[in-house]
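> Data file my_file27.txt (compact mmCIF, N, CA and C atoms) is appended below.
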```
# COMPACT_ATOMS: atom_id res chain seq x y z
N MET A 25 -6.26 34.25 40.55
CA MET A 25 -6.02 34.22 41.97
C MET A 25 -7.33 34.51 42.71
N THR A 26 -7.53 33.84 43.80
CA THR A 26 -8.71 34.04 44.64
C THR A 26 -8.58 35.35 45.40
N VAL A 27 -9.65 36.11 45.43
CA VAL A 27 -9.70 37.34 46.22
C VAL A 27 -10.37 36.97 47.55
N LEU A 28 -9.67 37.20 48.63
CA LEU A 28 -10.20 36.85 49.94
C LEU A 28 -11.28 37.84 50.37
N SER A 29 -12.24 37.31 51.12
CA SER A 29 -13.30 38.14 51.69
C SER A 29 -13.67 37.56 53.06
N ALA A 30 -14.33 38.36 53.86
CA ALA A 30 -14.79 37.89 55.17
C ALA A 30 -15.70 36.69 55.00
N GLU A 31 -16.54 36.71 53.98
CA GLU A 31 -17.47 35.60 53.75
C GLU A 31 -16.72 34.32 53.40
N LEU A 32 -15.68 34.43 52.58
CA LEU A 32 -14.89 33.26 52.22
C LEU A 32 -14.18 32.69 53.44
N ILE A 33 -13.61 33.54 54.26
CA ILE A 33 -12.91 33.07 55.46
C ILE A 33 -13.88 32.38 56.41
N GLU A 34 -15.04 32.96 56.60
CA GLU A 34 -16.03 32.35 57.48
C GLU A 34 -16.48 30.99 56.94
N ALA A 35 -16.71 30.89 55.65
CA ALA A 35 -17.12 29.62 55.04
C ALA A 35 -16.01 28.58 55.15
N PHE A 36 -14.79 28.98 54.89
CA PHE A 36 -13.63 28.09 55.01
C PHE A 36 -13.53 27.55 56.43
N ALA A 37 -13.59 28.44 57.42
CA ALA A 37 -13.48 28.02 58.82
C ALA A 37 -14.61 27.07 59.19
N GLY A 38 -15.80 27.35 58.73
CA GLY A 38 -16.93 26.48 59.02
C GLY A 38 -16.79 25.11 58.37
N ALA A 39 -16.31 25.09 57.15
CA ALA A 39 -16.20 23.84 56.40
C ALA A 39 -15.02 22.98 56.84
N TYR A 40 -13.89 23.60 57.13
CA TYR A 40 -12.66 22.83 57.36
C TYR A 40 -12.10 22.88 58.78
N LEU A 41 -12.49 23.88 59.56
CA LEU A 41 -11.82 24.06 60.85
C LEU A 41 -12.72 23.93 62.07
N SER A 42 -14.02 24.03 61.90
CA SER A 42 -14.92 24.09 63.05
C SER A 42 -14.84 22.85 63.94
N ASP A 43 -14.53 21.70 63.39
CA ASP A 43 -14.40 20.50 64.21
C ASP A 43 -13.24 20.61 65.20
N ARG A 44 -12.29 21.46 64.91
CA ARG A 44 -11.10 21.63 65.76
C ARG A 44 -11.40 22.47 67.01
N TYR A 45 -12.39 23.32 66.94
CA TYR A 45 -12.65 24.25 68.04
C TYR A 45 -13.19 23.50 69.25
N ASP A 46 -12.68 23.85 70.43
CA ASP A 46 -13.11 23.20 71.67
C ASP A 46 -14.56 23.52 72.03
N ASP A 47 -14.92 24.78 71.95
CA ASP A 47 -16.25 25.23 72.35
C ASP A 47 -16.86 26.00 71.18
N LEU A 48 -17.38 25.27 70.21
CA LEU A 48 -17.89 25.89 68.98
C LEU A 48 -18.99 26.89 69.29
N GLN A 49 -18.81 28.09 68.77
CA GLN A 49 -19.76 29.19 68.95
C GLN A 49 -20.06 29.79 67.59
N PRO A 50 -21.19 30.50 67.45
CA PRO A 50 -21.44 31.22 66.20
C PRO A 50 -20.31 32.23 65.95
N THR A 51 -20.03 32.51 64.70
CA THR A 51 -18.97 33.47 64.35
C THR A 51 -19.33 34.85 64.88
N PRO A 52 -18.47 35.43 65.69
CA PRO A 52 -18.75 36.78 66.21
C PRO A 52 -18.67 37.83 65.10
N GLN A 53 -19.49 38.84 65.23
CA GLN A 53 -19.45 39.95 64.27
C GLN A 53 -18.08 40.60 64.25
N PHE A 54 -17.41 40.63 65.39
CA PHE A 54 -16.05 41.17 65.49
C PHE A 54 -15.11 40.48 64.50
N HIS A 55 -15.24 39.16 64.34
CA HIS A 55 -14.39 38.44 63.39
C HIS A 55 -14.72 38.85 61.96
N ARG A 56 -15.98 38.96 61.65
CA ARG A 56 -16.38 39.38 60.29
C ARG A 56 -15.81 40.76 59.95
N GLU A 57 -15.91 41.67 60.89
CA GLU A 57 -15.39 43.02 60.68
C GLU A 57 -13.87 43.01 60.54
N GLY A 58 -13.20 42.22 61.37
CA GLY A 58 -11.74 42.10 61.29
C GLY A 58 -11.30 41.48 59.98
N TRP A 59 -11.95 40.39 59.56
CA TRP A 59 -11.60 39.76 58.29
C TRP A 59 -11.82 40.72 57.13
N LYS A 60 -12.88 41.52 57.21
CA LYS A 60 -13.13 42.50 56.15
C LYS A 60 -11.96 43.49 56.07
N LEU A 61 -11.46 43.92 57.21
CA LEU A 61 -10.29 44.81 57.22
C LEU A 61 -9.05 44.10 56.69
N TYR A 62 -8.84 42.86 57.11
CA TYR A 62 -7.69 42.08 56.65
C TYR A 62 -7.72 41.91 55.13
N CYS A 63 -8.90 41.81 54.57
CA CYS A 63 -9.04 41.58 53.12
C CYS A 63 -9.12 42.89 52.33
N SER A 64 -9.09 44.01 53.01
CA SER A 64 -9.19 45.31 52.34
C SER A 64 -7.85 45.68 51.71
N ASN A 65 -7.82 46.81 51.08
CA ASN A 65 -6.60 47.32 50.47
C ASN A 65 -5.73 48.11 51.46
N GLU A 66 -6.14 48.13 52.72
CA GLU A 66 -5.35 48.83 53.73
C GLU A 66 -3.98 48.16 53.84
N PRO A 67 -2.90 48.94 53.82
CA PRO A 67 -1.57 48.34 53.87
C PRO A 67 -1.23 47.73 55.23
N GLN A 68 -1.85 48.23 56.29
CA GLN A 68 -1.61 47.70 57.63
C GLN A 68 -2.92 47.73 58.40
N VAL A 69 -3.16 46.64 59.13
CA VAL A 69 -4.38 46.55 59.94
C VAL A 69 -3.98 46.07 61.32
N MET A 70 -4.57 46.67 62.35
CA MET A 70 -4.34 46.23 63.72
C MET A 70 -5.70 46.12 64.40
N LEU A 71 -5.92 44.99 65.06
CA LEU A 71 -7.16 44.77 65.79
C LEU A 71 -6.83 44.59 67.27
N ILE A 72 -7.61 45.23 68.11
CA ILE A 72 -7.41 45.12 69.55
C ILE A 72 -8.73 44.71 70.18
N ALA A 73 -8.68 43.70 71.03
CA ALA A 73 -9.87 43.25 71.74
C ALA A 73 -9.43 42.61 73.05
N PRO A 74 -10.31 42.59 74.03
CA PRO A 74 -9.97 41.96 75.31
C PRO A 74 -9.75 40.45 75.17
N ARG A 75 -9.22 39.85 76.21
CA ARG A 75 -9.06 38.39 76.25
C ARG A 75 -10.40 37.72 75.97
N ASP A 76 -10.30 36.48 75.50
CA ASP A 76 -11.48 35.64 75.23
C ASP A 76 -12.34 36.14 74.07
N HIS A 77 -11.75 36.86 73.14
CA HIS A 77 -12.46 37.24 71.92
C HIS A 77 -12.02 36.39 70.73
N ALA A 78 -11.28 35.32 71.00
CA ALA A 78 -10.82 34.37 69.98
C ALA A 78 -10.02 35.05 68.87
N LYS A 79 -9.21 36.01 69.26
CA LYS A 79 -8.37 36.71 68.28
C LYS A 79 -7.38 35.76 67.62
N SER A 80 -6.73 34.93 68.42
CA SER A 80 -5.75 33.99 67.85
C SER A 80 -6.42 33.01 66.90
N THR A 81 -7.59 32.54 67.26
CA THR A 81 -8.30 31.61 66.39
C THR A 81 -8.73 32.29 65.10
N GLY A 82 -9.40 33.41 65.21
CA GLY A 82 -9.97 34.06 64.03
C GLY A 82 -8.97 34.76 63.14
N PHE A 83 -7.98 35.39 63.73
CA PHE A 83 -7.10 36.24 62.94
C PHE A 83 -5.71 35.68 62.72
N THR A 84 -5.30 34.75 63.53
CA THR A 84 -4.01 34.10 63.28
C THR A 84 -4.25 32.75 62.62
N PHE A 85 -4.95 31.88 63.29
CA PHE A 85 -5.16 30.52 62.79
C PHE A 85 -6.00 30.49 61.51
N ASP A 86 -7.24 30.97 61.58
CA ASP A 86 -8.14 30.90 60.43
C ASP A 86 -7.61 31.69 59.23
N TYR A 87 -7.26 32.95 59.47
CA TYR A 87 -6.85 33.81 58.35
C TYR A 87 -5.58 33.30 57.67
N ILE A 88 -4.59 32.90 58.45
CA ILE A 88 -3.34 32.43 57.84
C ILE A 88 -3.58 31.14 57.06
N LEU A 89 -4.42 30.25 57.57
CA LEU A 89 -4.72 29.03 56.81
C LEU A 89 -5.39 29.35 55.48
N VAL A 90 -6.28 30.33 55.47
CA VAL A 90 -6.92 30.74 54.21
C VAL A 90 -5.87 31.31 53.26
N GLU A 91 -5.00 32.19 53.76
CA GLU A 91 -3.92 32.76 52.93
C GLU A 91 -3.08 31.66 52.29
N VAL A 92 -2.72 30.67 53.11
CA VAL A 92 -1.84 29.59 52.64
C VAL A 92 -2.58 28.67 51.67
N CYS A 93 -3.77 28.24 52.04
CA CYS A 93 -4.49 27.27 51.20
C CYS A 93 -4.88 27.85 49.85
N PHE A 94 -5.29 29.10 49.81
CA PHE A 94 -5.65 29.72 48.54
C PHE A 94 -4.45 30.33 47.83
N ARG A 95 -3.27 30.19 48.44
CA ARG A 95 -2.01 30.66 47.85
C ARG A 95 -2.10 32.13 47.41
N VAL A 96 -2.67 32.92 48.30
CA VAL A 96 -2.84 34.35 48.03
C VAL A 96 -1.51 35.08 48.11
N SER A 97 -0.67 34.67 49.02
CA SER A 97 0.63 35.31 49.22
C SER A 97 1.73 34.28 49.04
N ASP A 98 2.89 34.73 48.65
CA ASP A 98 4.04 33.82 48.53
C ASP A 98 4.49 33.34 49.90
N TYR A 99 4.29 34.14 50.92
CA TYR A 99 4.66 33.77 52.28
C TYR A 99 3.82 34.60 53.24
N VAL A 100 3.76 34.16 54.48
CA VAL A 100 3.08 34.93 55.53
C VAL A 100 4.07 35.12 56.67
N ILE A 101 3.85 36.16 57.43
CA ILE A 101 4.67 36.43 58.60
C ILE A 101 3.76 36.35 59.82
N LEU A 102 4.13 35.50 60.76
CA LEU A 102 3.34 35.32 61.98
C LEU A 102 4.12 35.94 63.13
N ILE A 103 3.51 36.93 63.77
CA ILE A 103 4.16 37.61 64.89
C ILE A 103 3.28 37.42 66.12
N GLY A 104 3.89 37.03 67.22
CA GLY A 104 3.16 36.87 68.47
C GLY A 104 3.70 37.81 69.51
N SER A 105 3.02 37.85 70.64
CA SER A 105 3.49 38.74 71.72
C SER A 105 4.80 38.23 72.31
N THR A 106 5.07 36.92 72.14
CA THR A 106 6.37 36.35 72.50
C THR A 106 6.76 35.35 71.42
N GLU A 107 8.02 35.01 71.37
CA GLU A 107 8.48 34.02 70.40
C GLU A 107 7.80 32.68 70.63
N ASP A 108 7.64 32.30 71.89
CA ASP A 108 6.99 31.02 72.21
C ASP A 108 5.54 30.99 71.75
N MET A 109 4.83 32.09 71.92
CA MET A 109 3.42 32.13 71.49
C MET A 109 3.31 32.06 69.96
N ALA A 110 4.20 32.74 69.27
CA ALA A 110 4.21 32.67 67.81
C ALA A 110 4.54 31.26 67.35
N ALA A 111 5.51 30.62 68.01
CA ALA A 111 5.88 29.24 67.66
C ALA A 111 4.72 28.29 67.91
N GLU A 112 3.97 28.50 68.97
CA GLU A 112 2.81 27.65 69.26
C GLU A 112 1.74 27.80 68.18
N GLN A 113 1.47 29.04 67.77
CA GLN A 113 0.49 29.26 66.70
C GLN A 113 0.96 28.60 65.40
N LEU A 114 2.23 28.76 65.09
CA LEU A 114 2.77 28.14 63.88
C LEU A 114 2.66 26.62 63.95
N SER A 115 2.91 26.07 65.12
CA SER A 115 2.77 24.63 65.32
C SER A 115 1.32 24.18 65.11
N ASN A 116 0.36 24.97 65.57
CA ASN A 116 -1.06 24.64 65.36
C ASN A 116 -1.42 24.65 63.88
N ILE A 117 -0.89 25.62 63.15
CA ILE A 117 -1.15 25.71 61.71
C ILE A 117 -0.51 24.52 61.00
N ARG A 118 0.71 24.20 61.36
CA ARG A 118 1.42 23.05 60.79
C ARG A 118 0.62 21.77 61.02
N GLU A 119 0.17 21.57 62.26
CA GLU A 119 -0.60 20.38 62.61
C GLU A 119 -1.87 20.27 61.77
N GLU A 120 -2.55 21.40 61.59
CA GLU A 120 -3.78 21.40 60.79
C GLU A 120 -3.49 21.00 59.35
N LEU A 121 -2.42 21.54 58.79
CA LEU A 121 -2.06 21.22 57.41
C LEU A 121 -1.62 19.77 57.25
N LEU A 122 -1.10 19.17 58.31
CA LEU A 122 -0.68 17.77 58.26
C LEU A 122 -1.82 16.80 58.52
N GLU A 123 -2.76 17.17 59.39
CA GLU A 123 -3.74 16.20 59.88
C GLU A 123 -5.17 16.38 59.36
N ASN A 124 -5.49 17.51 58.79
CA ASN A 124 -6.86 17.75 58.32
C ASN A 124 -7.00 17.17 56.91
N GLU A 125 -7.51 15.95 56.84
CA GLU A 125 -7.58 15.24 55.56
C GLU A 125 -8.47 15.94 54.54
N ALA A 126 -9.59 16.51 54.97
CA ALA A 126 -10.48 17.22 54.04
C ALA A 126 -9.77 18.43 53.44
N LEU A 127 -9.06 19.15 54.26
CA LEU A 127 -8.30 20.32 53.81
C LEU A 127 -7.20 19.91 52.84
N ARG A 128 -6.47 18.85 53.19
CA ARG A 128 -5.38 18.36 52.33
C ARG A 128 -5.92 17.93 50.97
N ALA A 129 -7.04 17.22 50.97
CA ALA A 129 -7.61 16.74 49.70
C ALA A 129 -8.10 17.91 48.84
N GLU A 130 -8.83 18.82 49.44
CA GLU A 130 -9.42 19.93 48.69
C GLU A 130 -8.36 20.87 48.09
N PHE A 131 -7.27 21.09 48.83
CA PHE A 131 -6.28 22.06 48.39
C PHE A 131 -5.00 21.42 47.86
N GLY A 132 -5.00 20.09 47.69
CA GLY A 132 -3.87 19.40 47.08
C GLY A 132 -2.60 19.48 47.90
N ILE A 133 -2.72 19.39 49.21
CA ILE A 133 -1.54 19.45 50.08
C ILE A 133 -0.99 18.04 50.23
N ALA A 134 0.14 17.78 49.60
CA ALA A 134 0.73 16.44 49.66
C ALA A 134 1.82 16.37 50.71
N ALA A 135 2.66 17.38 50.78
CA ALA A 135 3.78 17.39 51.72
C ALA A 135 4.29 18.82 51.84
N PHE A 136 5.16 19.03 52.81
CA PHE A 136 5.84 20.31 52.96
C PHE A 136 7.19 20.23 52.25
N GLU A 137 7.59 21.30 51.60
CA GLU A 137 8.94 21.35 51.02
C GLU A 137 9.96 21.32 52.13
N GLN A 138 9.67 22.01 53.21
CA GLN A 138 10.56 22.04 54.37
C GLN A 138 9.67 22.08 55.60
N ASP A 139 9.95 21.19 56.55
CA ASP A 139 9.09 21.10 57.72
C ASP A 139 9.65 21.79 58.95
N SER A 140 10.95 22.05 58.96
CA SER A 140 11.54 22.77 60.08
C SER A 140 12.80 23.47 59.60
N LYS A 141 13.22 24.42 60.35
CA LYS A 141 14.43 25.17 60.02
C LYS A 141 15.34 25.11 61.23
N VAL A 142 16.54 24.58 61.04
CA VAL A 142 17.48 24.44 62.15
C VAL A 142 18.45 25.61 62.15
```
For the structure just supplied, provide its representation as structure tokens.

Amino acid sequence: MTVLSAELIEAFAGAYLSDRYDDLQPTPQFHREGWKLYCSNEPQVMLIAPRDHAKSTGFTFDYILVEVCFRVSDYVILIGSTEDMAAEQLSNIREELLENEALRAEFGIAAFEQDSKV
């Protein structure tokens, strides 16, 4: 099993996700520090930062895609400040897994077992 690290997440995002970003910027140190905490043995991690620190991009979108693609966990839980915001993030992750051809090829993503739950 792959052991996640801040360096791996940053490399993954740069290689597979950076084309998706609207206003590409260098990776903030805050993201590196947060990913290091996410990859630590701490049972619970919480990060707080003001608006416009790309928290959703770095810690929801990027990190969950790494978890899923490297199959580190059997499942992930995505929690947002509202149900609609969580659903939007999940939709973004779904779209990336469906449309990012380089990601699909590298990680052998052929299809979803289940695409929606009614």
> For Gln113 of chain A, list every protein, DNA or RNA residue within 7 Å, evaluated using only N, CA and C atoms, and leave out those in the same chain fewer than 5 positions away; present the list as an MDAnalysis selection string.
chainID A and resid 85 108 118
> Counting only N, CA and C atoms, which of A:Val69, A:Pro74, A:Val96, A:Asp46 gets nearest to Leu28 of chain A?
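Checking each candidate against Leu28 of chain A, we get A:Val96 as the closest.
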> Grab the atom N of Glu120 of chain A to atom CA of Asp76 of chain A distance for me, in Å with one decimal place.
21.6 Å
> Just the alpha helix (DSSP H) stuff from chain A, please, per backbone DSSP, written as a VMD selection string.
chain A and resid 30 to 36 53 to 62 79 87 to 93 107 to 123 125 to 131
> As JSON, please: the centre and edge lengths in Å, to one decimal, of an axis-aligned box enclosing every listed atom of segment 78-96 of chain A with 4 Å added on each side.

```
{"center_x": -6.4, "center_y": 32.0, "center_z": 59.2, "size_x": 17.8, "size_y": 17.4, "size_z": 31.6}
```
> Please measure the separation of atom N of Arg44 of chain A and atom CA of Asn124 of chain A, giving the value in Å to one decimal.
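Separating atom N of Arg44 of chain A from atom CA of Asn124 of chain A is a distance of 9.3 Å.
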> Nearest to Leu122 of chain A among A:Leu32, A:Ala135, A:Ala110, A:Leu71, with distances taken over all atoms listed in the file: which residue is it?
A:Ala135
> Work out how far apart atom N of Gly58 of chain A and atom CA of Ala37 of chain A are and give it in Å to one decimal.
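So the answer is 14.4 Å.
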> Any idea what's packed within 8 Å of Phe36 of chain A, counting all atoms listed in the file, ignoring anything in its chain fewer than 5 positions away? Could you give it as a VMD selection string?
chain A and resid 30 to 31 41 to 42 86 90
> Of the residues A:Glu125, A:Phe136, A:Ser80, A:Ala39, which is the one nearest to Ser105 of chain A, using only C-alpha atoms?
A:Ser80
> Neighbouring residues of Arg95 of chain A were defined as those with any atom within 10 Å, considering only C-alpha atoms; residues of the same chain fewer than 6 positions away were excluded. Please report them as a VMD selection string.
chain A and resid 25 to 26 89 131
> Neighbouring residues of Tyr40 of chain A were defined as those with any atom within 9 Å, considering only C-alpha atoms; residues of the same chain fewer than 5 positions away were excluded. Please report them as a compact mmCIF listing (two decimals) with N, CA and C atoms, keeping the file's coordinate frame.

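Once written, out.txt looks like this:
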```txt
# COMPACT_ATOMS: atom_id res chain seq x y z
N ALA A 35 -16.71 30.89 55.65
CA ALA A 35 -17.12 29.62 55.04
C ALA A 35 -16.01 28.58 55.15
N ASN A 124 -5.49 17.51 58.79
CA ASN A 124 -6.86 17.75 58.32
C ASN A 124 -7.00 17.17 56.91
N ALA A 126 -9.59 16.51 54.97
CA ALA A 126 -10.48 17.22 54.04
C ALA A 126 -9.77 18.43 53.44
N LEU A 127 -9.06 19.15 54.26
CA LEU A 127 -8.30 20.32 53.81
C LEU A 127 -7.20 19.91 52.84
```
> Please provide as a list in words all residues within 8 Å of Cys63 of chain A, with the sequence filter that same-chain residues fewer than 2 positions apart are discarded (counting only N, CA and C atoms).
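Within the cut-off, the hits are Val27, Leu28, Ser29, Ala30, Glu57, Gly58, Trp59, Lys60, Leu61, Asn65 and Glu66 of chain A.
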